[in-house]
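Scroll down for the structure; my scribbles are underneath it.
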2 protein chains.
Amino acid sequence: MTSPLQQTIELLKAHFGERLSVADAVRDHHGHDMSRQPTRLPDAVVFAESEDDVQRVVASCFEHGVPVTPFAAGSSMEGHTIPLRGGISLDVSRMNRIVAVNSEDFDAVVEAGVTRKQLNTHLRDMGLFFPVDPGADASLGGMASTRASGTTAVRYGTMRENVLALRVVTPTGAVIATGRRVKKSSTGYDLTKLFVGAEGTLGVITEVTVRLQPIPETIASAICTFETMRGAVEAVVATMQSGIPVARIEFLDEVAVDAANAHSNLGLKRAPTLFLEFHGSPRWVEEQSQSVAAIAADFGGSDFAWSTLPEDRERLWKARHETIYANQSLRPGCKTYTTDVCVPISRLAEAVLAARADVDQSFLTAKIIGHVGDGNFHVGYLIKPEIVEELAEAERLAERLYARAMEMGGTFSGEHGIGITKLPYLRREHGDAVDVMNAIKAALDPAGIMNPGKLGQVG
Amino acid sequence: MTSPLQQTIELLKAHFGERLSVADAVRDHHGHDMSRQPTRLPDAVVFAESEDDVQRVVASCFEHGVPVTPFAAGSSMEGHTIPLRGGISLDVSRMNRIVAVNSEDFDAVVEAGVTRKQLNTHLRDMGLFFPVDPGADASLGGMASTRASGTTAVRYGTMRENVLALRVVTPTGAVIATGRRVKKSSTGYDLTKLFVGAEGTLGVITEVTVRLQPIPETIASAICTFETMRGAVEAVVATMQSGIPVARIEFLDEVAVDAANAHSNLGLKRAPTLFLEFHGSPRWVEEQSQSVAAIAADFGGSDFAWSTLPEDRERLWKARHETIYANQSLRPGCKTYTTDVCVPISRLAEAVLAARADVDQSFLTAKIIGHVGDGNFHVGYLIKPEIVEELAEAERLAERLYARAMEMGGTFSGEHGIGITKLPYLRREHGDAVDVMNAIKAALDPAGIMNPGKLGQVG
C-alpha cells in the first residue's frame, strides 16, 4: 500500500518529470540553510517554473496532507527553509522573471525567485534601484517572507514598507492577489503585510511587487572612528534624533573592524567605527555629511572621511557585508553564532554596552555590528560549535541579550525572523497575541501543511 | 423571558451605571456618521474609560452573542461606526489619555480616543508632531481602524506606516499587545498591520503607539496655478518622479478653488491649482521649492508663490480642509457625494481628466481635490440627495470612477475605507482574496459580534 506521501510524489513526478528530484545531493541542498540548525531532508524537491506549478504542488499536497516548504536562495539565517517534517521542498528559484518595471510609478513586479542583485542589475540603466539590502543575494520572495531589511532600512524601510502587493498560492491551493500597485489603499484587511513575515507558513509567494527608488544624484560614503563604543552609539542616536535622513549608518566594534581589515584589507584604525552613506543632490548630501560630522565630533568622533567615489563606497559596503564571513582571520576554524536584536533607539547605547560587558566577562570572543540607526544590532559569538562548552556559553549570552532587548521594549529579531531557532522566544515577546497568530494559521492552513512545525503552530 | 440582548444590557447597566445610556439622543448620535448611510440606532451606548471597561463589554457581548460596534469621534465617511445590527455602541472617546511620549524614540503611546489635534497640541512644546492629517479631528483609534491618511501621506505615510504597535481587545474578550516600540521587527505575523484598516471588525483597539516626527526647522508653503488641469497633474507626476520629498502636494480644480475662495476668502485665481508644503533646513527647503517651481513652469504653472510665514500656511491648509464643507457657496442646499480613488501615479492624469470629462457630460456639478502625490483624489458631486435623479446620477458617475480606477490597477478607496458604502466593491477589487479575509474574520470572531454585517462577513 502506498502512503499519501508516496502517492503525492508519484503524481507530481508524472507531471514534473525531471523537475522533481529525490536525489540525495538535491535533497541535502534543500535540507539546510545558513543557520546552525541540523539538516532535515525533504522527501522530494520540486522545481517550480510558474505559478501554475506552485498551485499544482500545493493543491496536491493539500489533498494528501503532505508538508510543503518553500525554498529559493537558501540564505535564511534561522532555519526557515528546513523541511522539519519532510514532504516536498518547493524550490521557486527558477521563477526568476522580471515581469514588469513601471519606472514612472517606481515599482517592479517580479517572480518570487528573482534575487535582489538580479533586480538591481536589471534596473541600473533605468536610473532606479531596489533599496532593501540584507547582504546576502536573497530572493525577493524569501526576503518578503522573512520581512528582511539590512543596511538601508534606516532610510528606505524594510520589506514591510517596500512590498506593495503579492500573488500567493494559499495552503488550500487557491491563487490570490493581495494589494494593488498603488501607494495607498484602505480596502480590506492588509493581507500583503500578513504574508510579509509569515515565513512561508500561510502560503507560497509567487510574485512580489516592490517599491523602487531613483538612483540618487549623489551618493557619498563616510567613515568615522570613535574613542569609545558609547561615543559611537550616542552619535548615532543624536543623528537619528536630528532627523537627518542618512541612507546607511552602520556600527562596527573593534573586533568587527579587525575582521574587516583582515578580510578586505581596509586598513582601518582599530576603534569603534561608523560607516555612513548619504543620498541626495550634491548640495544636500554635503549638508547632511557636514551635520553628521559635527554631531560625531561632539561624541569623540574623528577622522570623518567622506568620499563620493563609487570605488570607495563599494569597497566599504563589501567589507561591511563580509564581516559575517570574516571569521577565519579572527580565530581559525571558528563560526559565528549570530544574534539579531532591535531596541528603541533611546536604549541602544545601554543595550550595546551591556552586550559588550557580557562578552568581556565571558571566555568567548564576539564582534558587534549593527544597523544602529534602527536600533538593530548583531552580536556574533565566535565559537567552534563542536565544543559543547562554547555553544552552551553562546546560548547563555544570547539568552541574556534577547531577554534584555525584550525587557527594553525591543524584539528578539530585528530582521532575521524566527525560523526554527527562535520559536522559544515567540510567546515571551508576544504573549497571548500568539493565540491570534495560531488562529490565523489554523484558519488559512486547515491541513497544517505549509512549512509545518514553525510559526503559527509552535510557540 | 429576557432576550440575550436585554440580559447583556442589564448586566452592563449594573456595572456601568450612567455610563451606559439608552437615551434616544445618545443612541442617535451613535447611529450615524459623516456618510450618506441611513441612521441605525444601537440598543445601548457604553462609554468606556479604560481597557478593562472595553474588555468587560466585549466579553459580555461575546458570551451573549450581542453585536458591538466601536465608536469614537464619529468622523467616518463611509458608515464604519453605524451599528448595522444594533447591539452595543462602544464609545471610547473618553479613553483620551496620552500614556507616554518617548521623545528620544520619536513615538507616543495614546489611548484610542485621543484625537490627532489633542496629540499635536500636547506635543507642540516638545518640538515633535504627529504627521497624519485626514482633515477631520479623528481619534487615533479610528484613524488606525480606517487606515486613514490625508495631505501629508506623500511624505510621512499613512496610518499603515505610522502605527508601530497596538493594544486590542479581541472579539472573544482577550487582551493582546501587537508589535513593539521599535522601528523593525521580524517576529511573527504582523498583527499590527492586520488591525490597522480592519474597521473594528476584528477587535477593539484600546491603545495606539504612533511614530512622531521632529517639527521641521523650516516649513514653507506654496501655491501655484496652471493653465490646464493636465498641466497641474503632470507637474505633480514629474515632481514625484524627481524624488523631491514634498511634504504636501494637493490639487484643487477650478470648482474647488471657487469653494475655497467663497468659504475662506482666499482670493485665488480661478484655475487648476496646487497647494504645496516643504519641510527641512532653510537651505534644503529653498532648494526643494526652487526645483518644484522649475518643474511647474515646464507644465504651464505660474504665480509660484511661496512663503515661510505660519499664518499664510495655516490659512492655506484650513481652506484646503474646508473645501469639503464649502458647498453652500457653490450651490445652496446641496451636499457633497464624496468619492476616494487612488491610482498608480502614471495613470493619474488620465484618471483625473476622465473623471472631469464624465462630470462635464453630466448635469451635475463636481469639484475635484486630491492628495495627488499619492495618486489619490476625490471627486465630490454636488447634489441634493432628496432629488432621486441627482443621487442616481452621482452613483452612476461614482461607479464609472471606481471601475476605471480598478481597471488602471488602482483602488476604490485610498483612505476613507469601506464601511457600509463600499462593500459591493470589495470582491471586484480583491477577488478570491476576500475568502481569505472572511476566513480570518471567522477565526478571530467566531461569534460574529464585532461590527457585524461589514468587512469580513459581507463581500
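To be explicit about the labels: the chains of the C-alpha cells are called A, B, and onward in the order shown, and within each one the residues are counted from 1, while ligands get numbers from 1 in the order they are shown.
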Practice problem: Using only C-alpha atoms, determine which residues lie at most 12 Å from Tyr337 (chain A), disregarding the query and same-chain residues fewer than 3 positions distant; provide the list as a ChimeraX atom specification. | Solution: /A:34-37,77-78,324-325,327,334,340,364-368,378-385,390-398,421
Keeping only C-alpha atoms, write the selected residues to a file as a compact mmCIF listing (two decimals), in the first residue's frame.
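In the end it all went to selection-v1.txt:
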```
# COMPACT_ATOMS: atom_id res chain seq x y z
CA MET A 34 22.84 29.41 6.75
CA SER A 35 21.70 28.59 10.29
CA ARG A 36 23.14 26.20 12.86
CA GLN A 37 20.03 24.01 12.57
CA MET A 77 19.79 32.57 8.99
CA GLU A 78 17.32 30.76 11.26
CA ILE A 324 29.92 37.91 8.81
CA TYR A 325 32.20 35.62 6.81
CA ASN A 327 35.91 34.72 11.00
CA CYS A 334 35.51 29.13 14.18
CA ASP A 340 19.74 39.91 15.96
CA LEU A 364 34.24 33.81 24.26
CA THR A 365 35.15 36.45 21.72
CA ALA A 366 32.44 38.31 19.88
CA LYS A 367 32.08 41.02 17.27
CA ILE A 368 29.26 43.54 17.35
CA HIS A 378 24.06 41.71 15.86
CA VAL A 379 26.39 40.20 18.41
CA GLY A 380 28.32 37.42 16.70
CA TYR A 381 29.90 34.96 19.13
CA LEU A 382 32.92 33.27 17.59
CA ILE A 383 32.73 29.62 18.53
CA LYS A 384 33.71 26.17 17.45
CA PRO A 385 30.24 24.65 17.57
CA GLU A 390 31.40 27.12 23.65
CA LEU A 391 27.97 26.50 22.15
CA ALA A 392 26.41 26.49 25.62
CA GLU A 393 28.16 29.75 26.51
CA ALA A 394 26.99 31.40 23.26
CA GLU A 395 23.47 30.26 24.05
CA ARG A 396 23.70 31.64 27.56
CA LEU A 397 24.91 35.01 26.29
CA ALA A 398 22.29 35.10 23.54
CA THR A 421 15.94 28.77 16.13
```
Can you pull out every residue within 6 Å of Asp33 (chain A), counting only C-alpha atoms, but drop anything in the same chain fewer than 4 positions away, and send it as a compact mmCIF listing (two decimals) with N, CA, C and O atoms, in the first residue's frame?
```
# COMPACT_ATOMS: atom_id res chain seq x y z
N GLY A 74 17.96 29.94 -0.25
CA GLY A 74 18.52 29.17 0.87
C GLY A 74 19.41 29.99 1.78
O GLY A 74 20.27 29.46 2.48
N SER A 75 19.20 31.31 1.81
CA SER A 75 20.08 32.17 2.60
C SER A 75 19.50 32.52 3.97
O SER A 75 20.00 33.43 4.64
N SER A 76 18.47 31.83 4.38
CA SER A 76 17.90 32.06 5.72
C SER A 76 18.94 31.86 6.81
O SER A 76 19.80 30.99 6.72
```
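CA of Val210 (chain A) lies 7.8 Å from CA of Phe130 (chain A).
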Quiz prompt | All strand (DSSP E or B) positions in region 192-268 of chain A, as a ChimeraX atom specification | solution = /A:204-211,213-214,218-226,248-252
Practice problem: For region 182-198 of chain B, work out the shell of residues within 7 Å, counting only C-alpha atoms and skipping chain neighbours fewer than 6 positions away, then give it as a ChimeraX atom specification. | Solution: /A:146-147,186,188-190,193-194,197-198,342-344,374,410-411,413-418,437,455 /B:144-147,160,165-166
What are the closest atom pairs, with distances in Å to one decimal, for all residues of region 77-188 of chain A lying within 9 Å of region 47-57 of chain A? Consider only C-alpha atoms, order rows by chain and residue number, and present the result as a tab-separated table.
```
residue	atom	partner	partner_atom	distance
A:Ile88	CA	A:Val57	CA	8.5
A:Ser89	CA	A:Phe47	CA	8.6
A:Leu90	CA	A:Phe47	CA	6.4
A:Asp91	CA	A:Phe47	CA	4.9
A:Val92	CA	A:Ala48	CA	5.3
A:Ser93	CA	A:Phe47	CA	7.6
A:Arg94	CA	A:Glu49	CA	5.5
A:Met95	CA	A:Glu49	CA	5.0
A:Asn96	CA	A:Glu49	CA	8.3
A:Glu111	CA	A:Ser50	CA	8.6
A:Arg167	CA	A:Glu51	CA	8.8
A:Val168	CA	A:Glu51	CA	8.6
A:Val169	CA	A:Gln55	CA	6.0
A:Thr170	CA	A:Gln55	CA	8.4
A:Gly173	CA	A:Gln55	CA	5.6
A:Ala174	CA	A:Gln55	CA	7.3
A:Val175	CA	A:Gln55	CA	7.2
```
Based on the selection just made, write N, CA, C and O atoms of those residues as a PDB file, in the first residue's frame.
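Saved as again.pdb:
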```pdb
ATOM      1  N   ILE A  88       7.558  17.881   0.693  1.00  0.00           N
ATOM      2  CA  ILE A  88       8.075  18.493  -0.528  1.00  0.00           C
ATOM      3  C   ILE A  88       8.787  19.799  -0.210  1.00  0.00           C
ATOM      4  O   ILE A  88       8.234  20.661   0.461  1.00  0.00           O
ATOM      5  N   SER A  89      10.014  19.950  -0.708  1.00  0.00           N
ATOM      6  CA  SER A  89      10.655  21.268  -0.731  1.00  0.00           C
ATOM      7  C   SER A  89      10.321  21.875  -2.085  1.00  0.00           C
ATOM      8  O   SER A  89      10.648  21.302  -3.130  1.00  0.00           O
ATOM      9  N   LEU A  90       9.624  23.009  -2.045  1.00  0.00           N
ATOM     10  CA  LEU A  90       9.132  23.628  -3.290  1.00  0.00           C
ATOM     11  C   LEU A  90      10.079  24.755  -3.665  1.00  0.00           C
ATOM     12  O   LEU A  90      10.030  25.838  -3.081  1.00  0.00           O
ATOM     13  N   ASP A  91      10.948  24.469  -4.629  1.00  0.00           N
ATOM     14  CA  ASP A  91      12.007  25.404  -4.996  1.00  0.00           C
ATOM     15  C   ASP A  91      11.500  26.348  -6.087  1.00  0.00           C
ATOM     16  O   ASP A  91      11.185  25.909  -7.194  1.00  0.00           O
ATOM     17  N   VAL A  92      11.435  27.641  -5.760  1.00  0.00           N
ATOM     18  CA  VAL A  92      10.932  28.625  -6.738  1.00  0.00           C
ATOM     19  C   VAL A  92      12.065  29.428  -7.373  1.00  0.00           C
ATOM     20  O   VAL A  92      11.812  30.435  -8.027  1.00  0.00           O
ATOM     21  N   SER A  93      13.313  28.970  -7.203  1.00  0.00           N
ATOM     22  CA  SER A  93      14.423  29.797  -7.701  1.00  0.00           C
ATOM     23  C   SER A  93      14.426  29.930  -9.223  1.00  0.00           C
ATOM     24  O   SER A  93      14.996  30.872  -9.761  1.00  0.00           O
ATOM     25  N   ARG A  94      13.760  28.997  -9.915  1.00  0.00           N
ATOM     26  CA  ARG A  94      13.683  29.150 -11.376  1.00  0.00           C
ATOM     27  C   ARG A  94      12.584  30.125 -11.793  1.00  0.00           C
ATOM     28  O   ARG A  94      12.462  30.447 -12.976  1.00  0.00           O
ATOM     29  N   MET A  95      11.765  30.515 -10.854  1.00  0.00           N
ATOM     30  CA  MET A  95      10.762  31.555 -11.152  1.00  0.00           C
ATOM     31  C   MET A  95      11.457  32.898 -11.000  1.00  0.00           C
ATOM     32  O   MET A  95      11.319  33.591 -10.009  1.00  0.00           O
ATOM     33  N   ASN A  96      12.265  33.208 -11.999  1.00  0.00           N
ATOM     34  CA  ASN A  96      13.137  34.374 -11.868  1.00  0.00           C
ATOM     35  C   ASN A  96      12.936  35.397 -12.985  1.00  0.00           C
ATOM     36  O   ASN A  96      13.868  36.053 -13.415  1.00  0.00           O
ATOM     37  N   GLU A 111       8.854  37.736 -10.235  1.00  0.00           N
ATOM     38  CA  GLU A 111       8.555  36.419  -9.687  1.00  0.00           C
ATOM     39  C   GLU A 111       9.357  36.217  -8.399  1.00  0.00           C
ATOM     40  O   GLU A 111      10.395  36.850  -8.179  1.00  0.00           O
ATOM     41  N   ARG A 167       1.343  38.068  -5.110  1.00  0.00           N
ATOM     42  CA  ARG A 167       0.494  36.956  -5.528  1.00  0.00           C
ATOM     43  C   ARG A 167       0.912  35.759  -4.676  1.00  0.00           C
ATOM     44  O   ARG A 167       2.103  35.537  -4.440  1.00  0.00           O
ATOM     45  N   VAL A 168      -0.081  35.018  -4.203  1.00  0.00           N
ATOM     46  CA  VAL A 168       0.179  33.954  -3.246  1.00  0.00           C
ATOM     47  C   VAL A 168      -0.668  32.741  -3.593  1.00  0.00           C
ATOM     48  O   VAL A 168      -1.842  32.883  -3.956  1.00  0.00           O
ATOM     49  N   VAL A 169      -0.083  31.549  -3.493  1.00  0.00           N
ATOM     50  CA  VAL A 169      -0.880  30.321  -3.518  1.00  0.00           C
ATOM     51  C   VAL A 169      -1.153  29.962  -2.062  1.00  0.00           C
ATOM     52  O   VAL A 169      -0.219  29.779  -1.277  1.00  0.00           O
ATOM     53  N   THR A 170      -2.416  29.919  -1.706  1.00  0.00           N
ATOM     54  CA  THR A 170      -2.780  29.675  -0.306  1.00  0.00           C
ATOM     55  C   THR A 170      -2.617  28.188   0.016  1.00  0.00           C
ATOM     56  O   THR A 170      -2.501  27.351  -0.884  1.00  0.00           O
ATOM     57  N   GLY A 173      -4.520  25.765  -1.917  1.00  0.00           N
ATOM     58  CA  GLY A 173      -4.315  25.727  -3.356  1.00  0.00           C
ATOM     59  C   GLY A 173      -5.029  26.809  -4.144  1.00  0.00           C
ATOM     60  O   GLY A 173      -5.054  26.778  -5.373  1.00  0.00           O
ATOM     61  N   ALA A 174      -5.597  27.792  -3.449  1.00  0.00           N
ATOM     62  CA  ALA A 174      -6.208  28.924  -4.168  1.00  0.00           C
ATOM     63  C   ALA A 174      -5.117  29.923  -4.551  1.00  0.00           C
ATOM     64  O   ALA A 174      -4.082  30.006  -3.892  1.00  0.00           O
ATOM     65  N   VAL A 175      -5.353  30.660  -5.618  1.00  0.00           N
ATOM     66  CA  VAL A 175      -4.407  31.699  -6.033  1.00  0.00           C
ATOM     67  C   VAL A 175      -5.049  33.053  -5.759  1.00  0.00           C
ATOM     68  O   VAL A 175      -6.151  33.321  -6.229  1.00  0.00           O
TER      69      VAL A 175
END
```
Quiz prompt | All helix (DSSP H, G or I) positions in region 66-241 of chain B, as an MDAnalysis selection string | solution = chainID B and resid 103:105 116:126 140:146 153:156 159:162 191:195 229:241
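Close contacts of Asp107 (chain A), defined as residues with an atom at most 7 Å away when counting only C-alpha atoms, with chain neighbours fewer than 3 positions off set aside, comprise A:Val101, A:Asn102, A:Ser103, A:Thr209, A:Val210, A:Arg211, A:Leu212.
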Practice problem: Compile the contact shell of region 138-140 of chain A as a PyMOL selection string: residues with an atom at most 7 Å away, counting only C-alpha atoms, same-chain residues fewer than 5 positions apart removed. | Solution: chain A and resi 72-73+75+112-116+208
Self-check item: Residue neighbourhood region 38-42 of chain B, 8 Å, only C-alpha atoms, exclusion window fewer than 4 positions, as a PyMOL selection string
Solution: chain B and resi 27-28+30-32+82-89
Quiz prompt | All residues 10 Å or closer to His279 (chain A), only C-alpha atoms, same chain fewer than 2 positions away omitted, as a VMD selection string | solution = chain A and resid 155 215 to 221 245 to 248 277 281 to 282 284 to 286 288 to 289
Quiz item: From the set B:Asp253, B:Glu234, B:Asp312, B:Glu199, which residue has the shortest atom-to-atom contact distance to Phe299 (chain B), counting only C-alpha atoms?
Solution: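 Between B:Asp253, B:Glu234, B:Asp312, B:Glu199, the residue approaching Phe299 (chain B) most closely is B:Glu234.
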